[in-house]
$ cat structure05.cif   # mmCIF, C-alpha atoms (C1' of nucleotides)
data_protein
loop_
_atom_site.label_atom_id
_atom_site.label_comp_id
_atom_site.auth_asym_id
_atom_site.auth_seq_id
_atom_site.Cartn_x
_atom_site.Cartn_y
_atom_site.Cartn_z
CA MET A 270 4.53 28.42 -11.21
CA ALA A 271 6.15 30.16 -14.15
CA GLY A 272 3.83 29.63 -17.08
CA ALA A 273 5.57 28.37 -20.15
CA HIS A 274 3.09 30.22 -22.35
CA THR A 275 2.05 33.82 -22.40
CA LEU A 276 -1.44 34.89 -21.48
CA ALA A 277 -2.13 35.79 -25.09
CA GLU A 278 -1.15 32.32 -26.27
CA THR A 279 -3.29 30.72 -23.62
CA GLU A 280 -6.27 32.88 -24.53
CA ARG A 281 -6.03 31.90 -28.17
CA GLN A 282 -5.79 28.21 -27.32
CA VAL A 283 -8.67 28.47 -24.87
CA SER A 284 -10.76 30.23 -27.48
CA ASP A 285 -10.25 27.28 -29.78
CA ARG A 286 -11.52 24.93 -27.10
CA LEU A 287 -14.50 27.08 -26.25
CA LYS A 288 -16.02 28.09 -29.53
CA GLY A 289 -19.53 29.33 -28.91
CA MET A 290 -19.15 29.44 -25.14
CA SER A 291 -18.90 32.75 -23.35
CA ILE A 292 -15.79 32.94 -21.21
CA ASP A 293 -14.77 35.98 -19.19
CA PHE A 294 -11.03 36.27 -19.63
CA SER A 295 -10.66 39.14 -17.20
CA SER A 296 -12.08 37.04 -14.37
CA MET A 297 -9.92 34.14 -15.45
CA ALA A 298 -6.85 36.35 -15.36
CA VAL A 299 -7.72 37.57 -11.87
CA THR A 300 -8.00 34.11 -10.35
CA SER A 301 -5.07 32.51 -12.14
CA ASN A 302 -2.74 35.38 -11.30
CA LEU A 303 -4.02 35.33 -7.75
CA PHE A 304 -2.86 31.73 -7.32
CA ARG A 305 0.44 32.28 -9.07
CA ALA A 306 1.21 35.30 -6.93
CA ALA A 307 0.18 33.64 -3.67
CA THR A 308 2.34 30.60 -4.40
CA ALA A 309 5.32 32.68 -5.46
CA VAL A 310 5.10 34.98 -2.44
CA ARG A 311 4.71 32.13 0.00
CA ASN A 312 7.67 30.24 -1.47
CA HIS A 313 9.77 33.38 -1.40
CA LEU A 314 8.99 34.16 2.23
CA GLU A 315 9.55 30.56 3.25
CA ARG A 316 12.94 30.40 1.59
CA SER A 317 14.24 33.84 2.50
CA VAL A 318 12.96 34.17 6.06
CA LEU A 319 11.44 31.01 7.52
CA ALA A 320 13.63 28.13 6.33
CA PRO A 321 16.83 29.57 7.89
CA HIS A 322 15.06 29.37 11.24
CA GLY A 323 13.60 25.92 10.63
CA LEU A 324 10.04 27.20 10.68
CA SER A 325 7.21 26.04 8.46
CA TRP A 326 4.72 28.54 7.11
CA THR A 327 1.99 27.42 9.48
CA ALA A 328 4.34 27.41 12.45
CA PHE A 329 5.22 31.02 11.70
CA VAL A 330 1.58 32.04 11.41
CA VAL A 331 0.87 30.44 14.76
CA LEU A 332 3.80 32.25 16.36
CA TRP A 333 2.65 35.49 14.79
CA VAL A 334 -0.94 35.21 15.99
CA VAL A 335 0.06 34.18 19.50
CA TRP A 336 2.68 36.92 19.63
CA ILE A 337 0.09 39.56 18.83
CA TRP A 338 -2.78 38.31 20.96
CA GLU A 339 -1.34 36.22 23.81
CA PRO A 340 -2.80 34.75 25.88
CA ILE A 341 -5.11 33.40 23.21
CA GLU A 342 -7.42 30.39 22.94
CA THR A 343 -6.45 27.71 20.43
CA ARG A 344 -9.73 27.98 18.54
CA GLN A 345 -8.98 31.65 17.91
CA ILE A 346 -5.50 30.83 16.64
CA ALA A 347 -6.97 28.41 14.12
CA GLU A 348 -9.59 30.89 12.97
CA GLU A 349 -7.17 33.78 12.72
CA GLY A 350 -4.57 31.68 10.95
CA GLY A 351 -7.01 30.02 8.58
CA PHE A 352 -6.35 26.35 9.28
CA SER A 353 -8.15 23.55 11.11
CA LYS A 354 -7.89 22.99 14.83
CA ALA A 355 -6.50 19.53 14.14
CA THR A 356 -3.63 21.05 12.21
CA LEU A 357 -3.03 23.46 15.03
CA THR A 358 -2.68 20.66 17.58
CA GLY A 359 0.32 19.21 15.78
CA VAL A 360 2.01 22.52 15.09
CA LEU A 361 1.50 23.63 18.66
CA SER A 362 3.11 20.47 20.00
CA THR A 363 6.11 21.10 17.79
CA LEU A 364 6.40 24.68 19.02
CA GLU A 365 6.10 23.47 22.59
CA ASN A 366 8.87 20.94 22.09
CA ARG A 367 11.07 23.69 20.75
CA LYS A 368 10.29 25.80 23.83
CA LEU A 369 8.80 28.62 21.76
CA ALA A 370 5.24 28.41 23.09
CA ILE A 371 3.36 26.88 26.01
CA ARG A 372 -0.16 25.59 26.62
CA LYS A 373 -2.09 26.47 29.75
CA LYS A 374 -5.48 25.11 30.75
CA SER A 375 -8.13 27.75 31.24
CA LYS A 376 -9.40 28.09 34.78
CA GLU A 377 -12.81 29.43 33.78
CA ASP A 378 -13.53 26.73 31.18
CA GLY A 379 -11.91 23.32 31.46
CA ARG A 380 -12.31 22.66 27.74
CA LEU A 381 -10.21 25.60 26.67
CA VAL A 382 -6.46 25.73 26.21
CA LEU A 383 -4.67 29.06 26.28
CA VAL A 384 -1.40 29.60 24.47
CA GLU A 385 1.45 31.96 25.22
CA LEU A 386 4.95 32.44 23.86
CA THR A 387 7.95 31.63 25.99
CA PRO A 388 10.56 34.37 26.43
CA ALA A 389 12.57 32.57 23.74
CA GLY A 390 9.54 32.65 21.46
CA ARG A 391 9.09 36.38 21.97
CA LYS A 392 12.73 37.03 21.33
CA LEU A 393 12.57 35.00 18.14
CA MET A 394 9.59 36.97 16.86
CA GLN A 395 11.19 40.28 17.71
CA GLU A 396 14.03 39.54 15.36
CA LEU A 397 12.08 37.46 12.87
CA PHE A 398 9.17 39.74 12.11
CA PRO A 399 11.21 42.73 10.95
CA GLU A 400 12.96 40.38 8.52
CA PHE A 401 9.61 39.08 7.42
CA ASN A 402 8.18 42.54 6.90
CA GLN A 403 11.27 43.56 4.97
CA GLN A 404 10.59 40.77 2.52
CA GLU A 405 6.95 41.77 2.43
CA GLN A 406 8.14 45.18 1.35
CA PHE A 407 10.21 43.59 -1.38
CA VAL A 408 7.14 41.66 -2.54
CA ALA A 409 4.80 44.64 -2.48
CA GLY A 410 7.54 46.74 -4.05
CA ALA A 411 6.55 45.32 -7.43
CA VAL A 412 3.43 47.49 -7.20
CA PRO A 413 3.69 51.30 -7.16
CA ALA A 414 3.45 52.62 -3.60
CA ASP A 415 0.30 54.60 -4.26
CA LYS A 416 -1.49 51.49 -5.55
CA ARG A 417 -0.74 49.08 -2.70
CA ASP A 418 -3.63 50.00 -0.44
CA GLU A 419 -5.95 49.74 -3.41
CA LEU A 420 -4.59 46.27 -4.17
CA ALA A 421 -5.03 45.14 -0.58
CA GLU A 422 -8.55 46.50 -0.58
CA ALA A 423 -9.48 44.68 -3.78
CA LEU A 424 -8.20 41.40 -2.31
CA ARG A 425 -10.09 42.07 0.89
CA ARG A 426 -13.29 42.57 -1.08
CA ILE A 427 -12.83 39.26 -2.86
CA THR A 428 -12.42 37.42 0.43
CA ALA A 429 -15.37 39.18 2.05
CA ASN A 430 -17.63 38.54 -0.91
CA ILE A 431 -16.96 34.80 -0.78
CA GLU A 432 -17.40 34.52 2.96
CA LYS A 433 -20.65 36.42 2.72
CA ASN A 434 -22.12 33.83 0.35
CA ASP A 435 -21.14 30.53 1.96
CA MET B 225 -9.70 32.36 7.14
CA ALA B 226 -12.07 34.93 8.56
CA GLY B 227 -10.03 37.09 10.86
CA ALA B 228 -11.59 37.45 14.26
CA HIS B 229 -10.13 40.92 14.56
CA THR B 230 -10.32 43.92 12.28
CA LEU B 231 -7.27 45.22 10.50
CA ALA B 232 -7.31 48.30 12.71
CA GLU B 233 -7.24 46.19 15.86
CA THR B 234 -4.42 44.10 14.50
CA GLU B 235 -2.40 47.16 13.55
CA ARG B 236 -2.76 48.60 17.02
CA GLN B 237 -1.69 45.34 18.65
CA VAL B 238 1.22 44.95 16.26
CA SER B 239 2.32 48.51 16.98
CA ASP B 240 2.50 47.63 20.66
CA ARG B 241 4.75 44.68 19.86
CA LEU B 242 6.98 46.67 17.55
CA LYS B 243 7.70 49.90 19.32
CA GLY B 244 10.73 51.51 17.74
CA MET B 245 10.78 49.17 14.75
CA SER B 246 9.77 50.38 11.34
CA ILE B 247 7.03 48.24 9.88
CA ASP B 248 5.35 48.87 6.55
CA PHE B 249 1.67 48.16 7.12
CA SER B 250 0.71 48.62 3.49
CA SER B 251 3.04 45.83 2.43
CA MET B 252 1.81 43.70 5.30
CA ALA B 253 -1.78 44.25 4.20
CA VAL B 254 -0.94 43.28 0.63
CA THR B 255 0.58 39.93 1.54
CA SER B 256 -1.86 38.95 4.25
CA ASN B 257 -4.86 39.76 2.10
CA LEU B 258 -3.23 37.96 -0.79
CA PHE B 259 -3.14 34.72 1.21
CA ARG B 260 -6.61 35.14 2.61
CA ALA B 261 -8.06 35.77 -0.82
CA ALA B 262 -6.20 32.89 -2.48
CA THR B 263 -7.34 30.45 0.20
CA ALA B 264 -10.93 31.67 0.11
CA VAL B 265 -11.11 31.54 -3.68
CA ARG B 266 -9.58 28.10 -3.90
CA ASN B 267 -11.92 26.70 -1.23
CA HIS B 268 -14.88 28.27 -2.95
CA LEU B 269 -14.00 26.84 -6.36
CA GLU B 270 -13.28 23.41 -4.88
CA ARG B 271 -16.60 23.26 -3.09
CA SER B 272 -18.81 24.77 -5.76
CA VAL B 273 -17.32 23.23 -8.89
CA LEU B 274 -14.73 20.52 -8.27
CA ALA B 275 -16.01 18.48 -5.33
CA PRO B 276 -19.31 17.55 -7.05
CA HIS B 277 -17.21 15.91 -9.77
CA GLY B 278 -14.82 14.24 -7.34
CA LEU B 279 -11.86 16.26 -8.58
CA SER B 280 -9.07 17.67 -6.47
CA TRP B 281 -7.67 21.10 -7.23
CA THR B 282 -4.49 19.67 -8.71
CA ALA B 283 -6.38 17.13 -10.78
CA PHE B 284 -8.43 19.93 -12.30
CA VAL B 285 -5.36 21.99 -13.10
CA VAL B 286 -3.83 18.99 -14.85
CA LEU B 287 -6.99 18.39 -16.85
CA TRP B 288 -7.11 22.07 -17.75
CA VAL B 289 -3.52 22.28 -18.94
CA VAL B 290 -3.76 19.07 -20.93
CA TRP B 291 -7.09 20.14 -22.42
CA ILE B 292 -5.59 23.36 -23.71
CA TRP B 293 -2.27 22.05 -24.98
CA GLU B 294 -2.65 18.34 -25.75
CA PRO B 295 -0.62 16.46 -26.65
CA ILE B 296 1.72 17.87 -24.00
CA GLU B 297 4.84 16.59 -22.26
CA THR B 298 4.55 15.88 -18.53
CA ARG B 299 7.36 18.26 -17.62
CA GLN B 300 5.38 21.08 -19.25
CA ILE B 301 2.26 20.15 -17.31
CA ALA B 302 4.16 20.38 -14.05
CA GLU B 303 5.70 23.71 -14.95
CA GLU B 304 2.47 25.20 -16.24
CA GLY B 305 0.51 23.94 -13.23
CA GLY B 306 3.09 24.95 -10.67
CA PHE B 307 3.69 21.65 -8.88
CA SER B 308 6.48 19.07 -8.84
CA LYS B 309 6.82 16.28 -11.33
CA ALA B 310 6.55 13.79 -8.47
CA THR B 311 3.12 15.14 -7.61
CA LEU B 312 2.13 14.99 -11.24
CA THR B 313 2.97 11.30 -11.51
CA GLY B 314 0.41 10.41 -8.86
CA VAL B 315 -2.32 12.70 -10.14
CA LEU B 316 -1.80 11.48 -13.68
CA SER B 317 -2.17 7.86 -12.62
CA THR B 318 -5.44 8.73 -10.91
CA LEU B 319 -6.73 10.47 -14.02
CA GLU B 320 -5.68 7.51 -16.13
CA ASN B 321 -7.52 5.09 -13.84
CA ARG B 322 -10.63 7.23 -14.20
CA LYS B 323 -10.26 7.10 -18.00
CA LEU B 324 -9.97 10.88 -18.29
CA ALA B 325 -6.40 11.04 -19.62
CA ILE B 326 -3.83 8.73 -21.20
CA ARG B 327 -0.05 8.56 -21.33
CA LYS B 328 1.81 7.89 -24.56
CA LYS B 329 5.54 7.37 -24.99
CA SER B 330 7.19 9.85 -27.32
CA LYS B 331 8.61 8.33 -30.49
CA GLU B 332 11.24 11.02 -30.96
CA ASP B 333 12.57 10.89 -27.40
CA GLY B 334 12.23 7.72 -25.35
CA ARG B 335 12.50 9.60 -22.08
CA LEU B 336 9.42 11.73 -22.68
CA VAL B 337 5.83 10.90 -21.89
CA LEU B 338 3.05 12.71 -23.74
CA VAL B 339 -0.38 13.17 -22.24
CA GLU B 340 -3.77 13.51 -23.92
CA LEU B 341 -7.34 13.58 -22.72
CA THR B 342 -9.69 10.73 -23.53
CA PRO B 343 -12.99 11.63 -25.25
CA ALA B 344 -14.58 11.33 -21.80
CA GLY B 345 -11.99 13.74 -20.44
CA ARG B 346 -12.71 16.28 -23.15
CA LYS B 347 -16.42 16.00 -22.60
CA LEU B 348 -15.94 16.54 -18.89
CA MET B 349 -13.89 19.68 -19.46
CA GLN B 350 -16.37 21.06 -21.95
CA GLU B 351 -19.07 21.07 -19.31
CA LEU B 352 -16.82 21.71 -16.33
CA PHE B 353 -14.89 24.74 -17.49
CA PRO B 354 -17.89 26.98 -18.17
CA GLU B 355 -19.05 26.21 -14.63
CA PHE B 356 -15.60 27.02 -13.36
CA ASN B 357 -15.40 30.28 -15.25
CA GLN B 358 -18.85 31.24 -14.01
CA GLN B 359 -17.59 30.95 -10.45
CA GLU B 360 -14.49 32.88 -11.44
CA GLN B 361 -16.80 35.64 -12.54
CA PHE B 362 -18.55 35.52 -9.19
CA VAL B 363 -15.17 35.79 -7.46
CA ALA B 364 -13.91 38.64 -9.61
CA GLY B 365 -17.32 40.27 -9.36
CA ALA B 366 -16.33 41.64 -5.98
CA VAL B 367 -14.05 44.04 -7.84
CA PRO B 368 -15.48 46.70 -10.18
CA ALA B 369 -15.28 45.53 -13.80
CA ASP B 370 -13.01 48.36 -14.87
CA LYS B 371 -10.48 47.48 -12.15
CA ARG B 372 -10.12 43.77 -12.81
CA ASP B 373 -7.43 43.94 -15.47
CA GLU B 374 -5.49 46.30 -13.27
CA LEU B 375 -5.76 43.84 -10.38
CA ALA B 376 -4.59 40.95 -12.54
CA GLU B 377 -1.69 43.08 -13.78
CA ALA B 378 -0.60 44.00 -10.24
CA LEU B 379 -0.61 40.34 -9.24
CA ARG B 380 1.32 39.45 -12.37
CA ARG B 381 3.95 42.05 -11.49
CA ILE B 382 4.36 40.59 -8.01
CA THR B 383 4.94 37.12 -9.42
CA ALA B 384 7.33 38.34 -12.10
CA ASN B 385 9.33 40.41 -9.64
CA ILE B 386 9.90 37.42 -7.37
CA GLU B 387 10.82 35.06 -10.17
CA LYS B 388 13.26 37.59 -11.51
CA ASN B 389 15.19 37.65 -8.21
CA ASP B 390 15.44 33.96 -7.32
"C1'" DC C 262 32.55 6.23 -32.43
"C1'" DG C 263 32.13 6.03 -27.27
"C1'" DG C 264 31.63 7.22 -22.77
"C1'" DA C 265 30.63 11.05 -19.46
"C1'" DA C 266 27.06 14.25 -18.42
"C1'" DA C 267 22.43 15.84 -18.77
"C1'" DT C 268 17.51 15.05 -18.76
"C1'" DC C 269 13.30 12.47 -18.41
"C1'" DG C 270 9.47 10.20 -15.50
"C1'" DT C 271 9.01 7.24 -11.59
"C1'" DT C 272 9.74 5.53 -6.95
"C1'" DT C 273 10.67 6.21 -2.17
"C1'" DG C 274 10.32 8.35 2.22
"C1'" DG C 275 8.74 12.04 4.87
"C1'" DT C 276 6.00 16.31 5.97
"C1'" DT C 277 1.86 18.78 6.19
"C1'" DG C 278 -2.79 19.34 6.17
"C1'" DC C 279 -7.73 17.89 6.59
"C1'" DT C 280 -12.13 15.29 8.03
"C1'" DA C 281 -14.38 12.41 11.20
"C1'" DA C 282 -14.70 10.24 15.54
"C1'" DC C 283 -13.77 10.79 20.41
"C1'" DA C 284 -13.49 11.99 25.52
"C1'" DA C 285 -13.85 15.80 28.52
"C1'" DT C 286 -16.31 19.71 29.81
"C1'" DC C 287 -19.87 23.12 29.92
"C1'" DT C 288 -24.80 24.88 29.05
"C1'" DC C 289 -29.47 24.88 29.65
"C1'" DA C 290 -34.09 23.52 30.03
"C1'" DA C 291 -37.27 20.42 32.44
"C1'" DT D 213 -30.79 18.60 40.15
"C1'" DT D 214 -30.08 16.21 36.11
"C1'" DG D 215 -29.56 14.62 31.68
"C1'" DA D 216 -29.48 15.82 26.63
"C1'" DG D 217 -27.01 18.55 23.57
"C1'" DA D 218 -23.28 21.73 22.31
"C1'" DT D 219 -18.42 22.85 22.27
"C1'" DT D 220 -13.43 22.15 22.99
"C1'" DG D 221 -8.86 20.08 21.89
"C1'" DT D 222 -6.93 15.65 20.64
"C1'" DT D 223 -6.41 11.46 18.03
"C1'" DA D 224 -6.56 8.38 13.99
"C1'" DG D 225 -6.72 7.69 9.25
"C1'" DC D 226 -6.12 9.49 4.82
"C1'" DA D 227 -4.86 12.48 0.68
"C1'" DA D 228 -1.70 15.73 -1.36
"C1'" DC D 229 2.61 17.36 -1.93
"C1'" DC D 230 7.73 17.62 -2.22
"C1'" DA D 231 12.90 16.54 -2.45
"C1'" DA D 232 16.17 13.15 -3.30
"C1'" DA D 233 17.60 8.97 -5.34
"C1'" DC D 234 17.08 5.97 -9.28
"C1'" DG D 235 16.94 3.59 -14.00
"C1'" DA D 236 16.33 4.62 -18.74
"C1'" DT D 237 17.38 7.40 -22.55
"C1'" DT D 238 19.53 11.07 -25.12
"C1'" DT D 239 23.12 14.60 -25.92
"C1'" DC D 240 27.52 16.27 -26.20
"C1'" DC D 241 32.31 16.31 -26.98
"C1'" DG D 242 36.98 14.35 -27.17
#
$ encode --input "structure05.cif" --output "structure tokens"
Amino acid sequence: MAGAHTLAETERQVSDRLKGMSIDFSSMAVTSNLFRAATAVRNHLERSVLAPHGLSWTAFVVLWVVWIWEPIETRQIAEEGGFSKATLTGVLSTLENRKLAIRKKSKEDGRLVLVELTPAGRKLMQELFPEFNQQEQFVAGAVPADKRDELAEALRRITANIEKND
Amino acid sequence: MAGAHTLAETERQVSDRLKGMSIDFSSMAVTSNLFRAATAVRNHLERSVLAPHGLSWTAFVVLWVVWIWEPIETRQIAEEGGFSKATLTGVLSTLENRKLAIRKKSKEDGRLVLVELTPAGRKLMQELFPEFNQQEQFVAGAVPADKRDELAEALRRITANIEKND
DNA sequence: CGGAAATCGTTTGGTTGCTAACAATCTCAA
DNA sequence: TTGAGATTGTTAGCAACCAAACGATTTCCG
């Protein structure tokens, strides 16, 4: 994701292509840097924390959500994690095969499936999440400490604004 | 990607799971909101701008990079766009079949392949990019205008910091 | 020169993710 | 009570993406 050209070079080239059109470069910089950062952070966390444990990004998110909220319904896992319920089905089966999580049918509603971690799953998260958060601190460390909450808030506003208008 | 729980609820639950461990919630908020925002923005841009033209996200990025820098070598497209050269091969073939881009063998170096847009490809980008940037403005509009450059800069620092230490 | 090493784009094989269709189950109004 | 409609998790089919292996070409150095 490392751009081979600087932002200034790109802006000049884009200006050539867009003579007479009104382009907002600040907005462009926000979105493009958002994607670059998200990709870089995800790759970094996958390599430094998840890969050594043989976990995919989605598998970790599922473990995380279940760890926090167990017992939890599968539809809630998908919503909280931000992926489709079909995707969840496959990941959940993998986690079940690895004895990290288990499915239980709901007694109140026969359509629902509840998910819990196994003791092994809880133990894994207890050692894995501190590692994960340590790398999150490394990532956020690129921004001055007194600006991090402001950054998180700005990102939260962007998400909320989109979800409001869909 | 809409969390079913508030951040405060999540923090309380996480605290229960992490008694005695030191977790930095500010860093956690930065990364989690980074992913939520990136996913929301990408989905929004795909639905509002790209899908009506039958373009995938990656296909649009390729068109964009080629549009700005043509003629450009494929390896540079992949680097600039942030995906593998294997992925690029497939996307490029699709764009070639749709008569939006063309491959040309380099005369100086027989291993290289140069890519250009067709006239139809340039015309498409001339009408597509203003639409795209308009939605970028909507996205960035959630953040006060005088804070957008600061936001972009913070995200740029995060990316640079990771790439420096890999 | 000349051959080993590096670099290029493509191919191959596999993973991950989604949408749409489906069976099972529950809800609710007639 | 009952049947139409809504909702749930799963399945099937498909698109996107990557790493590794490969053939073609160029570069480098003895």
$ calpha_fit_and_write --input "structure05.cif" --fixed "chain B" --moving "chain A" --output "short mmCIF file (atom, residue, chain, number, x, y, z; two decimals) with C-alpha atoms, in the coordinates of the input"
data_model
loop_
_atom_site.label_atom_id
_atom_site.label_comp_id
_atom_site.auth_asym_id
_atom_site.auth_seq_id
_atom_site.Cartn_x
_atom_site.Cartn_y
_atom_site.Cartn_z
CA MET A 270 -9.53 32.33 7.11
CA ALA A 271 -11.94 34.88 8.54
CA GLY A 272 -9.91 37.02 10.89
CA ALA A 273 -11.49 37.44 14.26
CA HIS A 274 -9.99 40.91 14.56
CA THR A 275 -10.16 43.88 12.28
CA LEU A 276 -7.11 45.20 10.50
CA ALA A 277 -7.15 48.28 12.70
CA GLU A 278 -7.10 46.18 15.86
CA THR A 279 -4.28 44.08 14.52
CA GLU A 280 -2.27 47.14 13.57
CA ARG A 281 -2.58 48.59 17.04
CA GLN A 282 -1.54 45.32 18.66
CA VAL A 283 1.36 44.92 16.26
CA SER A 284 2.48 48.46 16.98
CA ASP A 285 2.68 47.57 20.65
CA ARG A 286 4.92 44.63 19.84
CA LEU A 287 7.14 46.61 17.52
CA LYS A 288 7.88 49.83 19.29
CA GLY A 289 10.86 51.46 17.65
CA MET A 290 10.89 49.11 14.67
CA SER A 291 9.80 50.33 11.28
CA ILE A 292 7.05 48.17 9.84
CA ASP A 293 5.34 48.81 6.52
CA PHE A 294 1.68 48.10 7.11
CA SER A 295 0.69 48.57 3.50
CA SER A 296 3.01 45.77 2.41
CA MET A 297 1.78 43.65 5.27
CA ALA A 298 -1.80 44.22 4.20
CA VAL A 299 -0.99 43.24 0.63
CA THR A 300 0.55 39.89 1.52
CA SER A 301 -1.90 38.90 4.24
CA ASN A 302 -4.91 39.73 2.09
CA LEU A 303 -3.30 37.92 -0.80
CA PHE A 304 -3.20 34.68 1.20
CA ARG A 305 -6.67 35.11 2.61
CA ALA A 306 -8.12 35.74 -0.83
CA ALA A 307 -6.26 32.86 -2.48
CA THR A 308 -7.41 30.43 0.20
CA ALA A 309 -10.99 31.64 0.10
CA VAL A 310 -11.18 31.52 -3.70
CA ARG A 311 -9.64 28.09 -3.91
CA ASN A 312 -11.98 26.68 -1.26
CA HIS A 313 -14.95 28.24 -3.00
CA LEU A 314 -14.06 26.83 -6.40
CA GLU A 315 -13.33 23.42 -4.93
CA ARG A 316 -16.66 23.25 -3.15
CA SER A 317 -18.87 24.77 -5.82
CA VAL A 318 -17.38 23.23 -8.95
CA LEU A 319 -14.78 20.53 -8.33
CA ALA A 320 -16.06 18.48 -5.39
CA PRO A 321 -19.35 17.55 -7.12
CA HIS A 322 -17.25 15.92 -9.82
CA GLY A 323 -14.85 14.26 -7.40
CA LEU A 324 -11.90 16.28 -8.63
CA SER A 325 -9.11 17.70 -6.51
CA TRP A 326 -7.71 21.13 -7.27
CA THR A 327 -4.52 19.73 -8.75
CA ALA A 328 -6.40 17.16 -10.80
CA PHE A 329 -8.46 19.95 -12.32
CA VAL A 330 -5.39 22.02 -13.14
CA VAL A 331 -3.84 19.03 -14.86
CA LEU A 332 -7.00 18.43 -16.88
CA TRP A 333 -7.12 22.11 -17.77
CA VAL A 334 -3.52 22.31 -18.95
CA VAL A 335 -3.74 19.09 -20.95
CA TRP A 336 -7.07 20.17 -22.43
CA ILE A 337 -5.56 23.39 -23.72
CA TRP A 338 -2.22 22.09 -24.95
CA GLU A 339 -2.59 18.37 -25.73
CA PRO A 340 -0.52 16.50 -26.62
CA ILE A 341 1.79 17.89 -23.97
CA GLU A 342 4.89 16.61 -22.18
CA THR A 343 4.55 15.90 -18.46
CA ARG A 344 7.34 18.30 -17.52
CA GLN A 345 5.40 21.10 -19.19
CA ILE A 346 2.24 20.18 -17.30
CA ALA A 347 4.11 20.44 -14.01
CA GLU A 348 5.66 23.77 -14.93
CA GLU A 349 2.44 25.25 -16.23
CA GLY A 350 0.46 23.99 -13.26
CA GLY A 351 3.02 25.02 -10.67
CA PHE A 352 3.65 21.72 -8.89
CA SER A 353 6.44 19.15 -8.82
CA LYS A 354 6.79 16.38 -11.36
CA ALA A 355 6.50 13.86 -8.54
CA THR A 356 3.10 15.23 -7.63
CA LEU A 357 2.08 15.05 -11.24
CA THR A 358 2.93 11.35 -11.48
CA GLY A 359 0.36 10.46 -8.84
CA VAL A 360 -2.36 12.74 -10.14
CA LEU A 361 -1.83 11.52 -13.67
CA SER A 362 -2.19 7.90 -12.60
CA THR A 363 -5.46 8.76 -10.91
CA LEU A 364 -6.74 10.50 -14.03
CA GLU A 365 -5.68 7.53 -16.12
CA ASN A 366 -7.53 5.13 -13.86
CA ARG A 367 -10.63 7.24 -14.24
CA LYS A 368 -10.22 7.13 -18.03
CA LEU A 369 -9.95 10.91 -18.31
CA ALA A 370 -6.38 11.07 -19.63
CA ILE A 371 -3.80 8.77 -21.19
CA ARG A 372 -0.01 8.58 -21.28
CA LYS A 373 1.88 7.91 -24.49
CA LYS A 374 5.61 7.39 -24.83
CA SER A 375 7.32 9.84 -27.13
CA LYS A 376 8.80 8.32 -30.26
CA GLU A 377 11.47 10.98 -30.69
CA ASP A 378 12.72 10.85 -27.08
CA GLY A 379 12.31 7.70 -25.03
CA ARG A 380 12.49 9.63 -21.76
CA LEU A 381 9.46 11.75 -22.48
CA VAL A 382 5.83 10.93 -21.77
CA LEU A 383 3.09 12.73 -23.66
CA VAL A 384 -0.36 13.20 -22.20
CA GLU A 385 -3.71 13.54 -23.91
CA LEU A 386 -7.31 13.61 -22.73
CA THR A 387 -9.64 10.77 -23.56
CA PRO A 388 -12.92 11.65 -25.28
CA ALA A 389 -14.54 11.36 -21.85
CA GLY A 390 -11.96 13.78 -20.46
CA ARG A 391 -12.67 16.31 -23.19
CA LYS A 392 -16.37 16.02 -22.67
CA LEU A 393 -15.93 16.55 -18.95
CA MET A 394 -13.90 19.71 -19.50
CA GLN A 395 -16.36 21.08 -22.01
CA GLU A 396 -19.06 21.08 -19.39
CA LEU A 397 -16.84 21.72 -16.39
CA PHE A 398 -14.91 24.76 -17.53
CA PRO A 399 -17.91 26.99 -18.22
CA GLU A 400 -19.08 26.22 -14.68
CA PHE A 401 -15.64 27.01 -13.40
CA ASN A 402 -15.45 30.29 -15.28
CA GLN A 403 -18.90 31.23 -14.04
CA GLN A 404 -17.64 30.93 -10.49
CA GLU A 405 -14.54 32.86 -11.45
CA GLN A 406 -16.87 35.62 -12.56
CA PHE A 407 -18.61 35.48 -9.21
CA VAL A 408 -15.24 35.77 -7.47
CA ALA A 409 -13.98 38.63 -9.61
CA GLY A 410 -17.40 40.24 -9.36
CA ALA A 411 -16.39 41.60 -5.96
CA VAL A 412 -14.12 44.02 -7.82
CA PRO A 413 -15.57 46.67 -10.16
CA ALA A 414 -15.37 45.52 -13.78
CA ASP A 415 -13.11 48.36 -14.84
CA LYS A 416 -10.58 47.47 -12.13
CA ARG A 417 -10.20 43.74 -12.80
CA ASP A 418 -7.52 43.93 -15.46
CA GLU A 419 -5.58 46.30 -13.24
CA LEU A 420 -5.84 43.82 -10.37
CA ALA A 421 -4.67 40.95 -12.53
CA GLU A 422 -1.79 43.05 -13.77
CA ALA A 423 -0.69 43.99 -10.26
CA LEU A 424 -0.69 40.30 -9.25
CA ARG A 425 1.23 39.43 -12.38
CA ARG A 426 3.87 42.01 -11.52
CA ILE A 427 4.29 40.56 -8.04
CA THR A 428 4.86 37.08 -9.44
CA ALA A 429 7.25 38.30 -12.13
CA ASN A 430 9.25 40.37 -9.68
CA ILE A 431 9.83 37.37 -7.41
CA GLU A 432 10.75 35.01 -10.22
CA LYS A 433 13.18 37.57 -11.57
CA ASN A 434 15.12 37.61 -8.29
CA ASP A 435 15.43 33.92 -7.42
#
$ residues_around --input "structure05.cif" --residues "Asn302 in chain A" --least-positions-apart "2" --cutoff "7 Å" --atoms "all atoms listed in the file" --output "PyMOL selection string"
(chain A and resi 298-300+304-306) or (chain B and resi 376+379-380)
$ closest_atom_pairs --input "structure05.cif" --of "chain A" --to "chain D" --cutoff "10 Å" --atoms "only C-alpha atoms (C1' of nucleotides)" --output "tab-separated table"
residue	atom	partner	partner_atom	distance
A:Thr343	CA	D:DG221	C1'	8.1
A:Arg344	CA	D:DT220	C1'	8.2
A:Lys354	CA	D:DG221	C1'	7.7
A:Ala355	CA	D:DT222	C1'	7.6
A:Leu357	CA	D:DG221	C1'	9.6
A:Thr358	CA	D:DT222	C1'	7.2
A:Gly359	CA	D:DT222	C1'	9.4
A:Asp378	CA	D:DT220	C1'	9.4
A:Gly379	CA	D:DT220	C1'	8.7
A:Arg380	CA	D:DT220	C1'	4.9
A:Leu381	CA	D:DT220	C1'	6.0
A:Val382	CA	D:DG221	C1'	7.5
